[in-house]
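Working notes, beginning with the structure itself.
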Amino acid sequence: MHGQKKTDKSEAVKEKERKQKEAKLKEYRDGMAQIATRREAKLLDWDTMGVISDVLRVNPDVYTLWNLRKEIILLLLSDDSNNEEPVKLGENELRLTESCLKINPKSYGAWHHRKWILENCPGLDLKIELALCTKYLKLDSRNFHCWDYRRFVVSMLDLSPEEELSYTLVKIEEDFSNYSSWHYRSKLLPLIHGDPTGQKPIEEEIHLQELDLVQNAAFTDPNDSSAWYYLRWLVGELQPKLDVILAFVSREDKKLFVGFNRNASLDRVRIECSAASRWRTVESFEDGSLWFADLNDVSMDELVVNVSLQSHEKSISLTEKEGFFWQASPQFDPTISEKMKAVLEEQLDSCNQLLDLEPDTKWPLLTSVVFMKAIDSYAYRDDIMKRLESLKKCDRYRINYYNDLMNKYLIEARLLNSPADGSSSLANLNLESLHHSQYLSPAVDIDLSHNRLGKSLPKIVHAVSCKHLNLDSNCLKSLKNLPRLSKLESISLADNEFDSLDDLLSDLDGFTSLSRLFFRSWCEVVLVSHVAFAFAM
Amino acid sequence: MSADALPTSYDVIVVGTGLVESIVAAAASRAGKQVLHMDKNKYYGQHWATFNYDDVQQWIGDQDTPLEEKSLDPIDKLEFLTTGESKRLVSNIRQEWFGGVVTKQKDVSKNSEVSGGDEGPVKESLTAVELKSRLASFSRKFNLDLAPKLLFFKGPMVDTLIKSQVSRYLEFLGVQNILLCVNGTIELVPCSKSDVFSTRTVTIVEKRLLMKLLTNLQSYKADSKEMEEMEKISFEEYLKQQNISETVQHYILYSIAMANQETTAAKGIKQAQAFLNSIGFCGNTPFIWPLYGTSEILQAFCRLSAVYGGIYCLNRSADFLATNEKGSCEGVHSNGGLLKAQHVVISTGLVPCRFVNREGPSESYQRAVLVTNKPVFPGGKEGISLMTYPFLDSSFDPITLLELNSNSSSCPKGYFVVHLISRKAKQSTPYEDFDKLIADVFSTSDDGEKPTIVYKLQFTVDVLTASQCSNLPQNVHACSGPRCLSIDFHSSLQEAEEIFNKMFPGEEFLPTPESTEDVPSEE
């Protein structure tokens with residue numbers, strides 16, 4: 001009840017409450033003990049059910065009791081001598097969960113039991129259940145348990161999705177800060193208005209209506225994230241499809257490498273090459289962006305690799321003439337249709353309008369970055385960076401996330417322009433994280449200097465062809481996390497923060513080919529059989 | 001005469017059952033004081049009264065009967081209380097009936113249990129004469145307020161009702177629509193977040209600006225430097241600086257702040273804050289309406305007073321104030337006997353003439369009570385609507401329109417009661433401004449969407465405020481009648497609390513009854 005002052009309770013009242021609490025606890029413990037005894041004695045009958053109900057009414061969150069209850073119900077229903085009517089039994093259970101939900105409207109156990117009852121006691125009136133959902137959602141429109149349950153009831157009732165869709169709109173109009181309602185919309189719309197072209201989640205006209213709806217929400221309260229998430233769903237997945245990006249043979253290692261634009265696992269892609277066997281990732285994980293296999297024979301002129309991906313297949317031919325090397329031109333942004341581009345441009349425009357009114361609002365900033373990347377990441381490169389900088393200021397809790405996005409974007413820009421001479425440079429980007437490192441796999445010379453990659457050294461595992469690695473000026477304190485690159489011959493580590501050369505040298509144990517180390521800009525260390533000889537230069 | 005067994009001595013005698021008087025009576029009884037509360041009328045509320053249709057006719061009739069000359073000898077040290085209060089303060093009463101199409105009631109007899117509308121409404125066309133008798137036959141289904149007012153959901157009146165538990169005697173209904181009529185077009189004013197989201201009358205960019213401004217308005221702190229600056233400009237100017245369209249400016253100026261062209265920005269912001277702070281608790285408007293009419297509120301306070309021992313005498317007049325040599329009041333003369341009291345609380349309208357200064361600034365308001373056949377805004381939600389009708393050229397002050405339907409127990413099903421309230425100031429002839437509104441909003445034929453008026457009552461009330469009563473004895477406290485310019489009860493509540501504090505300094509004003517812990521707190 002509103003308007004009532006919370007008063008300091010007197011000692012007497014506190015004492016009374018303490019006693020009540022104690023009595024309640026005792027009742028609970030006694031009940032639990034009784035149930036345990038009865039269970040052990042295999043007394044799975046109505047009396048036990050009664051005790052269980054009593055305890056659950058006090059504390060609806062004892063999963064064990066709900067499970068025991070289910071066990072007994074199945075027993076009662078299967079026992080022909082009992083003559084239990086499933087409907088009556090079910091109704092009884094529904095009443096129990098109802099009183100439990102009054103105590104805790106978000107009790108997982110109670111909601112789950114309710115669902116289970118509908119599944120196991122045929123003949124219950126589902127219309128009543130639907131009305132109950134509507135009533136509950138009136139009391140708390142954001143109770144996701146109830147939304148889940150509603151979807152379940154609707155699926156059992158085989159209701160038309162149109163009705164439910166208009167219900168979600170009613171709820172959104174009442175208060176659009178409601179993830180469940182938006183989410184339900186995203187489930188219903190494709191059922192009613194699926195896009196025949198498959199480019200968007202839903203057909204054109206409805207798509208525009210939904211964009212308008214979400215725009216209204218965004219402009220009413222741009223700080224409410226629920227609408228922005230729905231917008232992201234509407235514009236679809238804005239990243240390129242999983243694809244194979246490179247393949248090459250390392251003849252001296254007798255290995256065939258295949259790289260993907262992002263992590264792939266063998267249940268989603270299939271790599272086939274008759275000469276190769278034992279496919280695995282360089283990190284030895286199930287999931288990875290760089291896969292390799294052993295080649296039995298490296299004397300052939302041509303090698304054909306067939307890769308089947310979810311949406312398409314690719315056949316790659318590696319020939320002696322081309323050095324057994326193939327690489328697709330890098331692409332980090334999705335290919336979008338002209339129509340979609342127009343939609344995104346319009347959405348970007350509204351974000352910009354919002355930002356004109358309030359420059360430091362998180363969601364329009366972040367969403368506009370996503371849209372600009374999809375439309376033309378090169379043309380928008382300055383805006384993207386500026387907005388990410390603004391995000392770092394207005395949403396400080398996620399500063400590292402924005403840093404990471406910036407790193408990724410910088411790396412992408414650099415990789416798009418990298419020379420095809422077998423060298424790769426990601427120098428001078430002030431990177432903290434190393435995205436797309438699989439693109440480094442064919443490179444012999446890799447320059448990662450002038451970054452802050454201390455935490456990202458493990459990613460260098462992808463540099464499988466690397467002979468010369470430059471890690472100058474990276475604030476490195478240790479090389480413990482640097483993967484043991486088997487081909488690495490020289491490494492440059494000037495201007496870092498190592499404690500001593502000795503520690504460093506012990507970290508470099510295991511680099512079988514390593515012979516030259518540039519430690520300070522004036523000092524070259526030559527390693528001969530793990531003995532270091534330093535020469536001043 | 002002296003046969004009535006009333007005690008002859010009280011802590012407080014309250015003369016008149018207006019809202020301020022009733023709150024004071026309740027507060028005094030609640031504080032353990034012996035209270036006598038009397039009213040010369042047979043009904044509660046004076047100018048706050050809520051009448052059925054017959055009562056309205058009776059009330060109008062009373063205004064027409066000549067003043068009864070009291071042939072009482074003026075005794076030394078006695079001050080005549082004024083009579084004919086209404087006659088002096090209410091003027092220009094006019095009523096009219098019109099023919100029109102109305103919903104046919106299934107059973108007109110009074111004892112029927114008309115639950116209504118089972119077979120859908122049947123319409124019938126009636127002449128003015130027929131309608132007149134139709135209204136009379138439904139008399140008791142009408143609750144027509146002389147001074148209709150609303151409560152802000154988070155306003156001080158609601159706080160007081162809850163704290164004192166007077167709320168237990170009352171029922172409320174949320175106001176459904178906040179409307180604005182500009183240039184003859186009625187629009188729903190988006191005032192909550194969900195309204196702003198759903199409305200189609202403003203562009204999305206305006207939505208942002210509106211939401212921003214609404215948030216901004218709530219951030220001003222009373223007594224801050226910023227607010228001081230706001231005293232210097234008008235609210236209208238302030239809104240013009242806000243980079244929002246004229247439509248949105250009107251929404252805020254007239255509907256949300258319920259201000260006019262002359263309101264200062266400081267006052268406008270304060271009023272907008274009161275409105276916005278009450279949004280989101282009871283539907284999408286900040287207001288609730290007392291079921292059965294405004295008079296219910298004061299009767300509920302009287303009931304609390306009676307529960308705590310207050311004695312109630314309606315239909316009993318107080319004739320004189322008895323004063324002593326020291327100039328303080330001994331009590332009142334009624335029915336030929338002296339009823340002694342420490343304090344006398346009295347309606348301004350009853351205060352002896354010589355204490356009343358009617359020369360200075362006073363406020364008067366015009367009222368109209370219309371019975372109509374359709375809602376003014378069919379596109380809104382079913383229920384109570386509050387509409388503002390401003391005159392953009394400032395030719396008149398804005399008119400406040402409150403439309404009640406049968407849900408609010410103000411009229412039978414199928415009818416609507418529309419209250420109009422405006423300040424009497426710029427009109428050259430009475431109700432000139434109302435005529436303009438009526439021409440815009442209502443229709444004389446039943447062809448279109450617009451409602452037609454079947455009954456129209458108009459009257460003008462002069463408000464006598466407590467500040468217009470001077471040199472009263474120290475222990476006589478005058479209570480203002482209803483103030484037209486505020487839609488809520490705040491000023492009356494404040495006045496009552498001030499009087500109470502003056503009479504009984506240090507005593508708590510309407511505290512929560514002690515036994516509340518035992519009151520079951522269901523719901």
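Labeling convention for the structure tokens: chains A, B, ... as they appear, residues from 1 per chain, ligands from 1 in order of appearance.
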
For this session: Determine, counting only C-alpha atoms, which protein, DNA and RNA residues have an atom within 12 Å of an atom of B:Ser362; residues of the same chain fewer than 6 positions away are not included. Present the result as an NGL selection string.
Result: :B and (89 or 356 or 423-425 or 461-469 or 480 or 483-484)

For this session: Write out as a ChimeraX atom specification each polymer residue whose atoms come within 12 Å of B:Leu485, counting only C-alpha atoms; drop sequence neighbours fewer than 3 positions from it.
Result: /B:147-149,258-260,363-367,397-400,420-424,463,482,488-491

How close does chain B get to chain A? List, as JSON lines, each residue of chain B within 10 Å, its nearest atom pair and the distance in Å to one decimal, counting only C-alpha atoms.
```
{"residue": "B:Lys154", "atom": "CA", "partner": "A:Gly3", "partner_atom": "CA", "distance": 9.2}
{"residue": "B:Val158", "atom": "CA", "partner": "A:Gly3", "partner_atom": "CA", "distance": 8.8}
{"residue": "B:Asp159", "atom": "CA", "partner": "A:Gly3", "partner_atom": "CA", "distance": 6.7}
{"residue": "B:Thr160", "atom": "CA", "partner": "A:Gly3", "partner_atom": "CA", "distance": 9.5}
{"residue": "B:Leu161", "atom": "CA", "partner": "A:Gly3", "partner_atom": "CA", "distance": 9.7}
{"residue": "B:Ile162", "atom": "CA", "partner": "A:Gly3", "partner_atom": "CA", "distance": 6.5}
{"residue": "B:Lys163", "atom": "CA", "partner": "A:Gly3", "partner_atom": "CA", "distance": 7.3}
{"residue": "B:Ser192", "atom": "CA", "partner": "A:Asp175", "partner_atom": "CA", "distance": 9.9}
{"residue": "B:Lys193", "atom": "CA", "partner": "A:Thr220", "partner_atom": "CA", "distance": 6.9}
{"residue": "B:Ser194", "atom": "CA", "partner": "A:Asp175", "partner_atom": "CA", "distance": 5.6}
{"residue": "B:Asp195", "atom": "CA", "partner": "A:Glu173", "partner_atom": "CA", "distance": 7.9}
{"residue": "B:Val196", "atom": "CA", "partner": "A:Thr220", "partner_atom": "CA", "distance": 6.5}
{"residue": "B:Phe197", "atom": "CA", "partner": "A:Ala217", "partner_atom": "CA", "distance": 5.7}
{"residue": "B:Ser198", "atom": "CA", "partner": "A:Glu173", "partner_atom": "CA", "distance": 6.2}
{"residue": "B:Thr199", "atom": "CA", "partner": "A:Asn216", "partner_atom": "CA", "distance": 9.1}
{"residue": "B:Arg200", "atom": "CA", "partner": "A:Asn216", "partner_atom": "CA", "distance": 9.5}
{"residue": "B:Thr203", "atom": "CA", "partner": "A:Asn216", "partner_atom": "CA", "distance": 8.6}
{"residue": "B:Ile204", "atom": "CA", "partner": "A:Phe219", "partner_atom": "CA", "distance": 5.8}
{"residue": "B:Val205", "atom": "CA", "partner": "A:Phe219", "partner_atom": "CA", "distance": 6.6}
{"residue": "B:Glu206", "atom": "CA", "partner": "A:Phe219", "partner_atom": "CA", "distance": 8.4}
{"residue": "B:Lys207", "atom": "CA", "partner": "A:Thr220", "partner_atom": "CA", "distance": 5.4}
{"residue": "B:Arg208", "atom": "CA", "partner": "A:Phe219", "partner_atom": "CA", "distance": 4.9}
{"residue": "B:Leu209", "atom": "CA", "partner": "A:Leu357", "partner_atom": "CA", "distance": 7.9}
{"residue": "B:Leu210", "atom": "CA", "partner": "A:Thr220", "partner_atom": "CA", "distance": 8.3}
{"residue": "B:Met211", "atom": "CA", "partner": "A:Thr220", "partner_atom": "CA", "distance": 6.2}
{"residue": "B:Lys212", "atom": "CA", "partner": "A:Thr220", "partner_atom": "CA", "distance": 8.7}
{"residue": "B:Gly283", "atom": "CA", "partner": "A:Glu174", "partner_atom": "CA", "distance": 9.3}
{"residue": "B:Asn284", "atom": "CA", "partner": "A:Glu174", "partner_atom": "CA", "distance": 9.0}
{"residue": "B:Thr512", "atom": "CA", "partner": "A:Gln4", "partner_atom": "CA", "distance": 9.7}
{"residue": "B:Ser521", "atom": "CA", "partner": "A:Met1", "partner_atom": "CA", "distance": 7.5}
{"residue": "B:Glu522", "atom": "CA", "partner": "A:Met1", "partner_atom": "CA", "distance": 8.2}
{"residue": "B:Glu523", "atom": "CA", "partner": "A:Met1", "partner_atom": "CA", "distance": 6.7}
```

Would you export the selected residues with N, CA and C atoms as a CSV table (one decimal), in the first residue's frame, please?
```csv
chain,number,residue,atom,x,y,z
B,154,LYS,N,0.0,12.3,-6.7
B,154,LYS,CA,1.1,12.4,-5.7
B,154,LYS,C,1.0,13.8,-5.1
B,158,VAL,N,-3.9,13.9,-1.6
B,158,VAL,CA,-3.9,12.4,-1.5
B,158,VAL,C,-3.0,12.0,-0.3
B,159,ASP,N,-1.9,12.7,-0.1
B,159,ASP,CA,-1.1,12.4,1.1
B,159,ASP,C,-1.9,12.5,2.4
B,160,THR,N,-2.7,13.6,2.5
B,160,THR,CA,-3.4,13.9,3.7
B,160,THR,C,-4.5,12.8,3.9
B,161,LEU,N,-5.2,12.5,2.8
B,161,LEU,CA,-6.3,11.5,2.9
B,161,LEU,C,-5.7,10.2,3.3
B,162,ILE,N,-4.6,9.8,2.8
B,162,ILE,CA,-4.0,8.5,3.2
B,162,ILE,C,-3.5,8.6,4.7
B,163,LYS,N,-2.8,9.6,5.0
B,163,LYS,CA,-2.3,9.7,6.3
B,163,LYS,C,-3.4,9.7,7.4
B,192,SER,N,2.8,11.3,-20.8
B,192,SER,CA,3.7,10.3,-20.2
B,192,SER,C,4.6,9.7,-21.2
B,193,LYS,N,5.6,8.9,-20.8
B,193,LYS,CA,6.5,8.4,-21.8
B,193,LYS,C,5.8,7.5,-22.8
B,194,SER,N,4.8,6.7,-22.3
B,194,SER,CA,4.1,5.8,-23.2
B,194,SER,C,3.2,6.6,-24.2
B,195,ASP,N,2.6,7.7,-23.7
B,195,ASP,CA,1.9,8.6,-24.6
B,195,ASP,C,2.8,9.2,-25.7
B,196,VAL,N,3.9,9.7,-25.3
B,196,VAL,CA,4.8,10.3,-26.2
B,196,VAL,C,5.2,9.3,-27.3
B,197,PHE,N,5.5,8.0,-26.8
B,197,PHE,CA,5.8,7.0,-27.8
B,197,PHE,C,4.7,6.7,-28.8
B,198,SER,N,3.5,6.6,-28.3
B,198,SER,CA,2.4,6.2,-29.2
B,198,SER,C,1.8,7.4,-30.0
B,199,THR,N,2.0,8.6,-29.6
B,199,THR,CA,1.3,9.7,-30.3
B,199,THR,C,1.8,9.8,-31.7
B,200,ARG,N,0.8,10.2,-32.6
B,200,ARG,CA,1.2,10.4,-34.0
B,200,ARG,C,1.1,11.9,-34.3
B,203,THR,N,6.3,14.8,-34.5
B,203,THR,CA,7.4,14.0,-35.2
B,203,THR,C,8.3,13.4,-34.2
B,204,ILE,N,9.1,12.5,-34.7
B,204,ILE,CA,10.0,11.8,-33.8
B,204,ILE,C,11.0,12.8,-33.2
B,205,VAL,N,11.5,13.7,-33.9
B,205,VAL,CA,12.5,14.7,-33.4
B,205,VAL,C,11.8,15.5,-32.3
B,206,GLU,N,10.5,15.8,-32.5
B,206,GLU,CA,9.8,16.6,-31.5
B,206,GLU,C,9.6,15.7,-30.2
B,207,LYS,N,9.4,14.4,-30.4
B,207,LYS,CA,9.3,13.5,-29.3
B,207,LYS,C,10.5,13.6,-28.4
B,208,ARG,N,11.6,13.6,-29.0
B,208,ARG,CA,12.9,13.7,-28.2
B,208,ARG,C,12.9,15.1,-27.5
B,209,LEU,N,12.6,16.1,-28.2
B,209,LEU,CA,12.6,17.5,-27.6
B,209,LEU,C,11.6,17.6,-26.5
B,210,LEU,N,10.4,17.0,-26.7
B,210,LEU,CA,9.4,17.0,-25.7
B,210,LEU,C,9.8,16.2,-24.4
B,211,MET,N,10.4,15.0,-24.7
B,211,MET,CA,10.8,14.2,-23.5
B,211,MET,C,11.9,14.9,-22.8
B,212,LYS,N,12.8,15.5,-23.5
B,212,LYS,CA,13.9,16.2,-22.9
B,212,LYS,C,13.4,17.3,-22.1
B,283,GLY,N,-2.6,5.1,-14.5
B,283,GLY,CA,-2.8,5.3,-15.9
B,283,GLY,C,-1.9,6.4,-16.4
B,284,ASN,N,-2.2,7.0,-17.5
B,284,ASN,CA,-1.3,7.9,-18.1
B,284,ASN,C,-1.6,9.4,-17.8
B,512,THR,N,-2.2,9.9,11.6
B,512,THR,CA,-2.7,8.6,11.3
B,512,THR,C,-3.4,8.0,12.6
B,521,SER,N,-4.5,-4.7,6.1
B,521,SER,CA,-3.9,-3.9,5.0
B,521,SER,C,-4.0,-4.7,3.7
B,522,GLU,N,-5.2,-5.1,3.4
B,522,GLU,CA,-5.4,-5.8,2.1
B,522,GLU,C,-5.2,-4.9,1.0
B,523,GLU,N,-4.9,-5.5,-0.1
B,523,GLU,CA,-4.6,-4.8,-1.4
B,523,GLU,C,-3.3,-3.9,-1.3
```

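Using only C-alpha atoms, the smallest distance between any of B:Ala368, B:Gly379, B:Ala28, B:Val15 and B:Lys502 comes from B:Ala28.
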
Exercise. Which residues, written as a list in words, have at least one atom at most 7 Å from stretch 382-399 of chain A, with only C-alpha atoms counted and residues fewer than 5 positions away on the same chain left out?
Worked result: Asp360, Lys362, Leu365, Val369 and Met406 of chain A

Export C-alpha atoms of the chosen residues as a compact mmCIF listing (two decimals), in the first residue's frame?
```txt
# COMPACT_ATOMS: atom_id res chain seq x y z
CA ASP A 360 26.64 11.97 -25.73
CA LYS A 362 25.27 5.84 -25.78
CA LEU A 365 26.44 6.46 -30.85
CA VAL A 369 28.97 2.95 -35.54
CA MET A 406 38.70 0.53 -32.01
```

For this session: Kindly give the distance, in Å, that separates atom CA of B:Asn475 and atom CA of B:Asp11, rounded to a single decimal.
Result: 10.8 Å

For this session: Report the residues of stretch 162-362 of chain B whose backbone DSSP state falls under alpha helix (DSSP H), written as a PyMOL selection string.
Result: chain B and resi 162-164+193-198+204-219+225-230+235-240+246-250+265-277+295-307

Problem set entry | Test item: residues at most 10 Å from A:His436, only C-alpha atoms, excluding those fewer than 3 positions along its chain, as a ChimeraX atom specification | /A:260-263,289,332,408,411-412,415,433,439-440,459,462
